[in-house]
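Here's run31.pdb, which has PDB, C-alpha atoms:
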```pdb
ATOM      1  CA  MET A   1       2.995  33.652  -4.876  1.00  0.00           C
ATOM      2  CA  SER A   2       3.779  30.432  -2.983  1.00  0.00           C
ATOM      3  CA  ALA A   3       3.976  27.122  -4.829  1.00  0.00           C
ATOM      4  CA  GLN A   4       0.827  25.005  -4.871  1.00  0.00           C
ATOM      5  CA  LYS A   5       0.760  22.407  -2.095  1.00  0.00           C
ATOM      6  CA  PRO A   6       0.585  18.830  -3.320  1.00  0.00           C
ATOM      7  CA  THR A   7      -2.489  16.673  -3.027  1.00  0.00           C
ATOM      8  CA  VAL A   8      -1.868  13.500  -1.044  1.00  0.00           C
ATOM      9  CA  VAL A   9      -3.308  10.446  -2.820  1.00  0.00           C
ATOM     10  CA  LEU A  10      -3.563   7.356  -0.606  1.00  0.00           C
ATOM     11  CA  VAL A  11      -3.749   3.890  -2.187  1.00  0.00           C
ATOM     12  CA  HIS A  12      -4.752   0.912  -0.031  1.00  0.00           C
ATOM     13  CA  GLY A  13      -3.584  -2.629  -0.610  1.00  0.00           C
ATOM     14  CA  ALA A  14      -5.153  -6.074  -0.565  1.00  0.00           C
ATOM     15  CA  PHE A  15      -7.596  -7.189   2.146  1.00  0.00           C
ATOM     16  CA  ALA A  16      -8.410  -3.534   2.965  1.00  0.00           C
ATOM     17  CA  ASP A  17     -10.389  -0.619   1.599  1.00  0.00           C
ATOM     18  CA  SER A  18     -10.021   3.157   1.499  1.00  0.00           C
ATOM     19  CA  SER A  19     -11.431   3.472   5.037  1.00  0.00           C
ATOM     20  CA  SER A  20      -8.209   1.895   6.340  1.00  0.00           C
ATOM     21  CA  TRP A  21      -6.670   5.357   5.868  1.00  0.00           C
ATOM     22  CA  ASN A  22      -9.297   7.191   7.941  1.00  0.00           C
ATOM     23  CA  GLY A  23      -7.034   7.973  10.889  1.00  0.00           C
ATOM     24  CA  VAL A  24      -4.290   9.168   8.554  1.00  0.00           C
ATOM     25  CA  VAL A  25      -6.737  11.279   6.538  1.00  0.00           C
ATOM     26  CA  GLU A  26      -8.019  13.022   9.668  1.00  0.00           C
ATOM     27  CA  ARG A  27      -4.498  13.958  10.720  1.00  0.00           C
ATOM     28  CA  LEU A  28      -3.393  15.106   7.281  1.00  0.00           C
ATOM     29  CA  GLN A  29      -6.508  17.231   6.853  1.00  0.00           C
ATOM     30  CA  SER A  30      -5.912  18.804  10.263  1.00  0.00           C
ATOM     31  CA  HIS A  31      -2.456  19.773   8.964  1.00  0.00           C
ATOM     32  CA  GLY A  32      -4.022  21.542   5.989  1.00  0.00           C
ATOM     33  CA  HIS A  33      -3.386  18.905   3.332  1.00  0.00           C
ATOM     34  CA  SER A  34      -5.742  18.101   0.480  1.00  0.00           C
ATOM     35  CA  VAL A  35      -6.259  14.316   0.548  1.00  0.00           C
ATOM     36  CA  VAL A  36      -7.828  11.711  -1.739  1.00  0.00           C
ATOM     37  CA  SER A  37      -8.190   8.111  -0.545  1.00  0.00           C
ATOM     38  CA  ALA A  38      -8.421   6.067  -3.726  1.00  0.00           C
ATOM     39  CA  SER A  39     -10.455   2.895  -4.117  1.00  0.00           C
ATOM     40  CA  ASN A  40      -7.911   0.426  -5.489  1.00  0.00           C
ATOM     41  CA  PRO A  41      -9.708  -2.106  -7.762  1.00  0.00           C
ATOM     42  CA  LEU A  42      -7.393  -5.019  -6.745  1.00  0.00           C
ATOM     43  CA  ARG A  43      -7.975  -6.750 -10.087  1.00  0.00           C
ATOM     44  CA  GLY A  44      -4.478  -6.785 -11.616  1.00  0.00           C
ATOM     45  CA  LEU A  45      -1.304  -4.761 -11.213  1.00  0.00           C
ATOM     46  CA  SER A  46      -1.408  -3.183 -14.677  1.00  0.00           C
ATOM     47  CA  LYS A  47      -5.137  -2.442 -14.443  1.00  0.00           C
ATOM     48  CA  ASP A  48      -4.922  -1.069 -10.915  1.00  0.00           C
ATOM     49  CA  SER A  49      -1.911   1.076 -11.806  1.00  0.00           C
ATOM     50  CA  ASP A  50      -3.680   2.510 -14.838  1.00  0.00           C
ATOM     51  CA  TYR A  51      -6.677   3.390 -12.674  1.00  0.00           C
ATOM     52  CA  VAL A  52      -4.500   5.238 -10.148  1.00  0.00           C
ATOM     53  CA  ARG A  53      -2.524   6.923 -12.908  1.00  0.00           C
ATOM     54  CA  GLN A  54      -5.731   8.332 -14.409  1.00  0.00           C
ATOM     55  CA  LEU A  55      -6.828   9.522 -10.977  1.00  0.00           C
ATOM     56  CA  VAL A  56      -3.513  11.332 -10.511  1.00  0.00           C
ATOM     57  CA  GLU A  57      -3.723  12.878 -13.973  1.00  0.00           C
ATOM     58  CA  SER A  58      -7.196  14.209 -13.123  1.00  0.00           C
ATOM     59  CA  THR A  59      -5.828  15.949 -10.016  1.00  0.00           C
ATOM     60  CA  ALA A  60      -4.790  19.577 -10.390  1.00  0.00           C
ATOM     61  CA  GLY A  61      -1.240  20.365  -9.329  1.00  0.00           C
ATOM     62  CA  PRO A  62       1.492  18.260  -7.736  1.00  0.00           C
ATOM     63  CA  VAL A  63       0.795  14.937  -6.025  1.00  0.00           C
ATOM     64  CA  VAL A  64       2.419  12.869  -3.278  1.00  0.00           C
ATOM     65  CA  LEU A  65       1.465   9.207  -3.755  1.00  0.00           C
ATOM     66  CA  VAL A  66       1.188   6.957  -0.694  1.00  0.00           C
ATOM     67  CA  GLY A  67       0.756   3.188  -0.941  1.00  0.00           C
ATOM     68  CA  HIS A  68       0.150   0.497   1.657  1.00  0.00           C
ATOM     69  CA  SER A  69       1.106  -3.137   1.059  1.00  0.00           C
ATOM     70  CA  TYR A  70       0.250  -4.135  -2.548  1.00  0.00           C
ATOM     71  CA  GLY A  71      -0.635  -0.462  -3.023  1.00  0.00           C
ATOM     72  CA  GLY A  72       3.111   0.180  -3.043  1.00  0.00           C
ATOM     73  CA  SER A  73       3.454  -1.855  -6.225  1.00  0.00           C
ATOM     74  CA  VAL A  74       0.558   0.095  -7.702  1.00  0.00           C
ATOM     75  CA  ILE A  75       1.929   3.579  -6.965  1.00  0.00           C
ATOM     76  CA  SER A  76       5.390   2.680  -8.264  1.00  0.00           C
ATOM     77  CA  ASN A  77       3.863   1.468 -11.533  1.00  0.00           C
ATOM     78  CA  ALA A  78       1.388   4.339 -11.792  1.00  0.00           C
ATOM     79  CA  ALA A  79       3.866   7.168 -11.191  1.00  0.00           C
ATOM     80  CA  ARG A  80       6.392   6.149 -13.825  1.00  0.00           C
ATOM     81  CA  GLY A  81       7.049   9.154 -16.071  1.00  0.00           C
ATOM     82  CA  LEU A  82       4.529  11.419 -14.298  1.00  0.00           C
ATOM     83  CA  ASP A  83       6.291  14.705 -13.512  1.00  0.00           C
ATOM     84  CA  GLN A  84       3.240  15.623 -11.451  1.00  0.00           C
ATOM     85  CA  VAL A  85       4.219  13.080  -8.765  1.00  0.00           C
ATOM     86  CA  LYS A  86       6.792  14.700  -6.484  1.00  0.00           C
ATOM     87  CA  ALA A  87       7.235  11.985  -3.830  1.00  0.00           C
ATOM     88  CA  LEU A  88       6.353   8.370  -3.105  1.00  0.00           C
ATOM     89  CA  VAL A  89       5.600   7.075   0.393  1.00  0.00           C
ATOM     90  CA  PHE A  90       5.524   3.333   1.005  1.00  0.00           C
ATOM     91  CA  VAL A  91       3.754   2.175   4.185  1.00  0.00           C
ATOM     92  CA  ALA A  92       4.535  -1.466   5.046  1.00  0.00           C
ATOM     93  CA  ALA A  93       4.530  -1.824   1.292  1.00  0.00           C
ATOM     94  CA  PHE A  94       6.104  -3.455  -1.712  1.00  0.00           C
ATOM     95  CA  LEU A  95       8.712  -1.581  -3.778  1.00  0.00           C
ATOM     96  CA  PRO A  96       9.148  -4.032  -6.639  1.00  0.00           C
ATOM     97  CA  ASP A  97      11.838  -3.774  -9.274  1.00  0.00           C
ATOM     98  CA  GLU A  98      10.967  -4.479 -12.890  1.00  0.00           C
ATOM     99  CA  GLY A  99       9.521  -7.971 -13.278  1.00  0.00           C
ATOM    100  CA  GLU A 100       9.130  -8.639  -9.553  1.00  0.00           C
ATOM    101  CA  SER A 101       5.769  -9.633  -8.084  1.00  0.00           C
ATOM    102  CA  ALA A 102       4.318  -9.223  -4.618  1.00  0.00           C
ATOM    103  CA  VAL A 103       4.270 -13.002  -4.186  1.00  0.00           C
ATOM    104  CA  ALA A 104       7.942 -13.353  -5.047  1.00  0.00           C
ATOM    105  CA  LEU A 105       9.037 -10.474  -2.819  1.00  0.00           C
ATOM    106  CA  SER A 106       7.012 -11.564   0.211  1.00  0.00           C
ATOM    107  CA  GLY A 107       8.868 -14.884   0.177  1.00  0.00           C
ATOM    108  CA  LYS A 108      12.327 -13.436  -0.401  1.00  0.00           C
ATOM    109  CA  PHE A 109      13.107 -13.737   3.320  1.00  0.00           C
ATOM    110  CA  PRO A 110      11.399 -15.915   5.958  1.00  0.00           C
ATOM    111  CA  GLY A 111       8.550 -14.662   8.096  1.00  0.00           C
ATOM    112  CA  SER A 112       5.395 -14.229   6.047  1.00  0.00           C
ATOM    113  CA  THR A 113       2.494 -16.366   7.283  1.00  0.00           C
ATOM    114  CA  LEU A 114      -0.083 -14.877   4.929  1.00  0.00           C
ATOM    115  CA  GLY A 115      -0.367 -17.828   2.541  1.00  0.00           C
ATOM    116  CA  GLU A 116      -1.671 -20.246   5.146  1.00  0.00           C
ATOM    117  CA  THR A 117      -4.461 -17.842   6.172  1.00  0.00           C
ATOM    118  CA  LEU A 118      -5.946 -17.267   2.715  1.00  0.00           C
ATOM    119  CA  ARG A 119      -9.296 -18.468   1.379  1.00  0.00           C
ATOM    120  CA  ALA A 120      -9.716 -18.574  -2.406  1.00  0.00           C
ATOM    121  CA  VAL A 121     -13.112 -17.914  -4.003  1.00  0.00           C
ATOM    122  CA  PRO A 122     -13.387 -18.813  -7.727  1.00  0.00           C
ATOM    123  CA  ILE A 123     -14.912 -15.994  -9.778  1.00  0.00           C
ATOM    124  CA  ALA A 124     -16.166 -16.139 -13.380  1.00  0.00           C
ATOM    125  CA  LEU A 125     -15.442 -12.989 -15.393  1.00  0.00           C
ATOM    126  CA  PRO A 126     -17.712 -11.616 -18.149  1.00  0.00           C
ATOM    127  CA  ASP A 127     -15.362 -12.952 -20.846  1.00  0.00           C
ATOM    128  CA  GLY A 128     -15.725 -16.478 -19.472  1.00  0.00           C
ATOM    129  CA  SER A 129     -12.301 -16.665 -17.868  1.00  0.00           C
ATOM    130  CA  ARG A 130     -11.941 -17.507 -14.194  1.00  0.00           C
ATOM    131  CA  VAL A 131      -9.836 -16.024 -11.421  1.00  0.00           C
ATOM    132  CA  ALA A 132      -9.583 -16.615  -7.697  1.00  0.00           C
ATOM    133  CA  ASP A 133     -10.451 -13.841  -5.278  1.00  0.00           C
ATOM    134  CA  LEU A 134      -8.315 -14.108  -2.148  1.00  0.00           C
ATOM    135  CA  TYR A 135      -9.574 -13.306   1.365  1.00  0.00           C
ATOM    136  CA  ILE A 136      -7.919 -13.704   4.745  1.00  0.00           C
ATOM    137  CA  GLU A 137      -9.990 -16.099   6.846  1.00  0.00           C
ATOM    138  CA  GLU A 138     -11.982 -13.937   9.259  1.00  0.00           C
ATOM    139  CA  SER A 139     -10.995 -16.059  12.259  1.00  0.00           C
ATOM    140  CA  ARG A 140      -7.308 -15.431  11.479  1.00  0.00           C
ATOM    141  CA  PHE A 141      -7.491 -11.840  10.283  1.00  0.00           C
ATOM    142  CA  HIS A 142      -6.757 -10.203  13.638  1.00  0.00           C
ATOM    143  CA  GLN A 143      -3.475 -11.978  14.299  1.00  0.00           C
ATOM    144  CA  GLN A 144      -2.352 -12.075  10.679  1.00  0.00           C
ATOM    145  CA  PHE A 145      -3.154  -8.559   9.511  1.00  0.00           C
ATOM    146  CA  ALA A 146      -3.849  -6.332  12.496  1.00  0.00           C
ATOM    147  CA  ALA A 147      -2.499  -7.839  15.720  1.00  0.00           C
ATOM    148  CA  ASP A 148      -2.016  -4.431  17.382  1.00  0.00           C
ATOM    149  CA  VAL A 149      -5.529  -3.219  16.535  1.00  0.00           C
ATOM    150  CA  PRO A 150      -8.357  -3.696  19.091  1.00  0.00           C
ATOM    151  CA  GLU A 151     -10.183  -6.972  18.535  1.00  0.00           C
ATOM    152  CA  LYS A 152     -13.542  -5.329  17.783  1.00  0.00           C
ATOM    153  CA  THR A 153     -11.958  -3.028  15.214  1.00  0.00           C
ATOM    154  CA  ALA A 154     -10.120  -5.939  13.607  1.00  0.00           C
ATOM    155  CA  ALA A 155     -13.383  -7.904  13.410  1.00  0.00           C
ATOM    156  CA  VAL A 156     -14.985  -5.081  11.413  1.00  0.00           C
ATOM    157  CA  MET A 157     -11.915  -4.887   9.168  1.00  0.00           C
ATOM    158  CA  ALA A 158     -12.118  -8.636   8.567  1.00  0.00           C
ATOM    159  CA  ALA A 159     -15.787  -8.470   7.639  1.00  0.00           C
ATOM    160  CA  THR A 160     -15.293  -5.532   5.256  1.00  0.00           C
ATOM    161  CA  GLN A 161     -11.999  -6.616   3.671  1.00  0.00           C
ATOM    162  CA  ARG A 162     -11.696  -6.254  -0.103  1.00  0.00           C
ATOM    163  CA  PRO A 163     -10.476  -9.396  -1.883  1.00  0.00           C
ATOM    164  CA  VAL A 164      -7.575  -9.274  -4.299  1.00  0.00           C
ATOM    165  CA  ALA A 165      -7.398 -11.299  -7.499  1.00  0.00           C
ATOM    166  CA  ASP A 166      -4.646 -13.871  -7.198  1.00  0.00           C
ATOM    167  CA  ALA A 167      -3.222 -12.768 -10.553  1.00  0.00           C
ATOM    168  CA  ALA A 168      -2.648  -9.250  -9.184  1.00  0.00           C
ATOM    169  CA  LEU A 169      -0.215 -10.514  -6.560  1.00  0.00           C
ATOM    170  CA  ALA A 170       1.589 -12.690  -9.112  1.00  0.00           C
ATOM    171  CA  GLU A 171       1.917 -10.057 -11.858  1.00  0.00           C
ATOM    172  CA  GLY A 172       5.382  -8.615 -12.414  1.00  0.00           C
ATOM    173  CA  ALA A 173       5.937  -4.883 -12.042  1.00  0.00           C
ATOM    174  CA  SER A 174       6.967  -2.495 -14.777  1.00  0.00           C
ATOM    175  CA  ALA A 175      10.019  -0.226 -14.498  1.00  0.00           C
ATOM    176  CA  PRO A 176       9.748   1.320 -11.018  1.00  0.00           C
ATOM    177  CA  ALA A 177       9.066   5.007 -10.388  1.00  0.00           C
ATOM    178  CA  TRP A 178      11.105   4.857  -7.175  1.00  0.00           C
ATOM    179  CA  ARG A 179      14.244   4.952  -9.311  1.00  0.00           C
ATOM    180  CA  ASP A 180      13.463   8.536 -10.336  1.00  0.00           C
ATOM    181  CA  ILE A 181      11.129   9.942  -7.650  1.00  0.00           C
ATOM    182  CA  PRO A 182      12.234  10.610  -4.040  1.00  0.00           C
ATOM    183  CA  SER A 183      10.826   7.900  -1.781  1.00  0.00           C
ATOM    184  CA  TRP A 184      10.032   7.434   1.898  1.00  0.00           C
ATOM    185  CA  VAL A 185       9.428   4.045   3.538  1.00  0.00           C
ATOM    186  CA  LEU A 186       7.739   3.116   6.797  1.00  0.00           C
ATOM    187  CA  VAL A 187       8.842  -0.339   7.957  1.00  0.00           C
ATOM    188  CA  ALA A 188       6.406  -2.177  10.256  1.00  0.00           C
ATOM    189  CA  THR A 189       8.582  -4.450  12.399  1.00  0.00           C
ATOM    190  CA  GLU A 190       5.779  -6.843  13.450  1.00  0.00           C
ATOM    191  CA  ASP A 191       4.375  -7.312   9.946  1.00  0.00           C
ATOM    192  CA  ARG A 192       3.234 -10.892   9.251  1.00  0.00           C
ATOM    193  CA  ASN A 193       2.319 -10.219   5.607  1.00  0.00           C
ATOM    194  CA  ILE A 194       5.537  -8.562   4.381  1.00  0.00           C
ATOM    195  CA  PRO A 195       8.386  -9.435   6.756  1.00  0.00           C
ATOM    196  CA  ALA A 196      10.355  -6.448   8.043  1.00  0.00           C
ATOM    197  CA  GLN A 197      13.521  -7.879   6.485  1.00  0.00           C
ATOM    198  CA  VAL A 198      11.851  -7.729   3.065  1.00  0.00           C
ATOM    199  CA  GLN A 199      10.697  -4.157   3.653  1.00  0.00           C
ATOM    200  CA  ILE A 200      14.194  -3.073   4.696  1.00  0.00           C
ATOM    201  CA  PHE A 201      15.783  -4.806   1.690  1.00  0.00           C
ATOM    202  CA  MET A 202      13.465  -2.977  -0.712  1.00  0.00           C
ATOM    203  CA  ALA A 203      13.883   0.369   1.049  1.00  0.00           C
ATOM    204  CA  GLU A 204      17.679   0.163   0.992  1.00  0.00           C
ATOM    205  CA  ARG A 205      17.657  -0.847  -2.658  1.00  0.00           C
ATOM    206  CA  ALA A 206      15.526   2.210  -3.451  1.00  0.00           C
ATOM    207  CA  LYS A 207      17.792   4.477  -1.364  1.00  0.00           C
ATOM    208  CA  ALA A 208      14.667   5.674   0.402  1.00  0.00           C
ATOM    209  CA  THR A 209      14.332   7.656   3.611  1.00  0.00           C
ATOM    210  CA  VAL A 210      13.322   5.032   6.193  1.00  0.00           C
ATOM    211  CA  VAL A 211      11.490   5.101   9.517  1.00  0.00           C
ATOM    212  CA  THR A 212      10.803   1.996  11.590  1.00  0.00           C
ATOM    213  CA  VAL A 213       7.654   1.528  13.670  1.00  0.00           C
ATOM    214  CA  ASP A 214       6.813  -1.348  16.019  1.00  0.00           C
ATOM    215  CA  ALA A 215       3.499  -2.214  14.410  1.00  0.00           C
ATOM    216  CA  SER A 216       1.528  -4.839  12.500  1.00  0.00           C
ATOM    217  CA  HIS A 217       0.794  -4.777   8.782  1.00  0.00           C
ATOM    218  CA  ALA A 218      -2.219  -2.563   9.584  1.00  0.00           C
ATOM    219  CA  VAL A 219       0.054   0.251  10.749  1.00  0.00           C
ATOM    220  CA  ALA A 220      -2.110   2.936   9.134  1.00  0.00           C
ATOM    221  CA  VAL A 221      -4.916   1.863  11.481  1.00  0.00           C
ATOM    222  CA  SER A 222      -2.881   1.187  14.624  1.00  0.00           C
ATOM    223  CA  ARG A 223      -0.357   4.025  14.262  1.00  0.00           C
ATOM    224  CA  PRO A 224      -1.929   6.685  12.020  1.00  0.00           C
ATOM    225  CA  GLY A 225       0.098   9.470  13.639  1.00  0.00           C
ATOM    226  CA  ASP A 226       3.379   7.848  12.611  1.00  0.00           C
ATOM    227  CA  VAL A 227       2.134   7.404   9.057  1.00  0.00           C
ATOM    228  CA  ALA A 228       0.870  10.984   8.840  1.00  0.00           C
ATOM    229  CA  ARG A 229       4.191  12.334  10.130  1.00  0.00           C
ATOM    230  CA  LEU A 230       6.107  10.509   7.408  1.00  0.00           C
ATOM    231  CA  VAL A 231       3.711  11.792   4.751  1.00  0.00           C
ATOM    232  CA  ASP A 232       4.130  15.310   6.185  1.00  0.00           C
ATOM    233  CA  GLU A 233       7.904  14.928   5.830  1.00  0.00           C
ATOM    234  CA  ALA A 234       7.576  13.853   2.203  1.00  0.00           C
ATOM    235  CA  VAL A 235       5.194  16.746   1.429  1.00  0.00           C
ATOM    236  CA  GLN A 236       7.508  19.280   3.030  1.00  0.00           C
ATOM    237  CA  ALA A 237      10.440  17.943   1.025  1.00  0.00           C
ATOM    238  CA  THR A 238       8.597  18.663  -2.235  1.00  0.00           C
ATOM    239  CA  GLY A 239       8.588  22.400  -1.488  1.00  0.00           C
TER     240      GLY A 239
END
```

Render the structure in this file as structure tokens.
Amino acid sequence: MSAQKPTVVLVHGAFADSSSWNGVVERLQSHGHSVVSASNPLRGLSKDSDYVRQLVESTAGPVVLVGHSYGGSVISNAARGLDQVKALVFVAAFLPDEGESAVALSGKFPGSTLGETLRAVPIALPDGSRVADLYIEESRFHQQFAADVPEKTAAVMAATQRPVADAALAEGASAPAWRDIPSWVLVATEDRNIPAQVQIFMAERAKATVVTVDASHAVAVSRPGDVARLVDEAVQATG
């Protein structure tokens, strides 16, 4: 009897939702993969990681975890110690080491213009505490996040973007799963959120398998075939 094929679990990052994976999902499903596109809460790194971890634990059989952007921090946290996770795929994503935050990493090398495009919305939580939900200004979303996506598509993405709590981007990571689980990294060379130099630094540190694509931060939307091919490679390597 052949080994059970892994389920591919996709985890989006900030300023996006699970529909940002649609093109990748279509291609993976056409290749016979079972796929789940998770809805990342974007409330805090520990909370988001726990959510994804529980989702993985509820999935029968092996799993390949795929994270975009901040979702990379989430999958690395969530997979720690889970033998069920056979591979990690980081798509224009963060691969933080212990204690590192998305904010700190994005500024490690020059090139990120995200900060100047953000709009903060104060939110009161049920316990009375307050946080700021961060959005990319709609008028700047196309060039900042998805410059190689058609303008009409980018406009819809801007209108439907999911905000991230500012504390989530500032929270330090736990011990990273990429130290123990084989990892693949897609570097988006035209990324204005996470500069390519930052992505390459993290990928080399993790000793990951790396592919480079001339694409914006929204590479899963603009180049879904390239993303799906890398996920295919990671899945095949688990067998």

Evaluate the PyMOL selection byres ((chain A and resi 210) around 9) here and jot the selected residues down as a PyMOL selection string. chain A and resi 183-187+200+203-204+207-209+211-212

Convert the output of the PyMOL selection byres ((chain A and resi 87-104) around 8) on the shown file into explicit residues, formatted as a PyMOL selection string. chain A and resi 63-73+75-76+85-86+105-108+169-176+178+181-188+191+194+199+202-203+206+217+219-220+227+230-231+234-235+238

Do you know which residues are at most 8 Å from range 132-142 of chain A counting all atoms listed in the file, after dropping those on the same chain fewer than 5 positions away, and could you put them as a ChimeraX atom specification? /A:15,114,117-123,147,149,151,154-155,158-159,161-167

Write out as a VMD selection string the residues lying within 12 Å of Ser58 in chain A, counting all atoms listed in the file and excluding same-chain residues fewer than 3 positions away. chain A and resid 7 9 36 51 to 55 61 to 63 84

Could you tell me how far CA of Ala146 in chain A lies from CA of Arg223 in chain A, in Å and to one decimal?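 CA of Ala146 in chain A sits 11.1 Å away from CA of Arg223 in chain A.
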
Using only C-alpha atoms, can you tell me which of A:Ser18, A:Thr113, A:Asn77, A:Ser216 comes closest to Lys47 in chain A? A:Asn77

Check which residues satisfy the PyMOL selection byres ((chain A and resi 111) around 7) in the file shown, then give them as a ChimeraX atom specification. /A:109-110,112-113,192,195

Two-atom distance - CA of Gly44 in chain A, CA of Ser129 in chain A (Å):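 Spanning CA of Gly44 in chain A to CA of Ser129 in chain A is a straight-line distance of 14.1 Å.
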
Find the residue from A:Lys5, A:Lys152, A:Ala177, A:Glu116 that sits nearest to Ala78 in chain A; use all atoms listed in the file when measuring. A:Ala177

Straight-line distance linking CA of His33 in chain A with CA of His12 in chain A, stated in Å to one decimal: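 The value is 18.4 Å.
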
Nearest residue to Arg229 in chain A from the set A:Leu28, A:Val35, A:Val11, A:Leu42 (distances using only C-alpha atoms):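 Closest to Arg229 in chain A, using only C-alpha atoms: A:Leu28.
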
Please define a box with edges along x, y and z of the file around all atoms of range 75-83 of chain A given in the file, extend it by 4 Å on each side, and return its centre and edge lengths in Å to one decimal, as lines of an AutoDock Vina configuration file.
```
center_x = 4.2
center_y = 8.1
center_z = -11.5
size_x = 13.7
size_y = 21.2
size_z = 17.1
```

Would you please work out which residue, of A:Val156, A:Ala237, A:Leu10, A:Val198, is nearest to Val74 in chain A when using only C-alpha atoms? A:Leu10

List the neighbours of Val221 in chain A out to 9 Å using all atoms listed in the file; skip same-chain residues closer than 5 positions along the sequence, and give me the result as number ranges by chain. A: 20-24, 146, 149
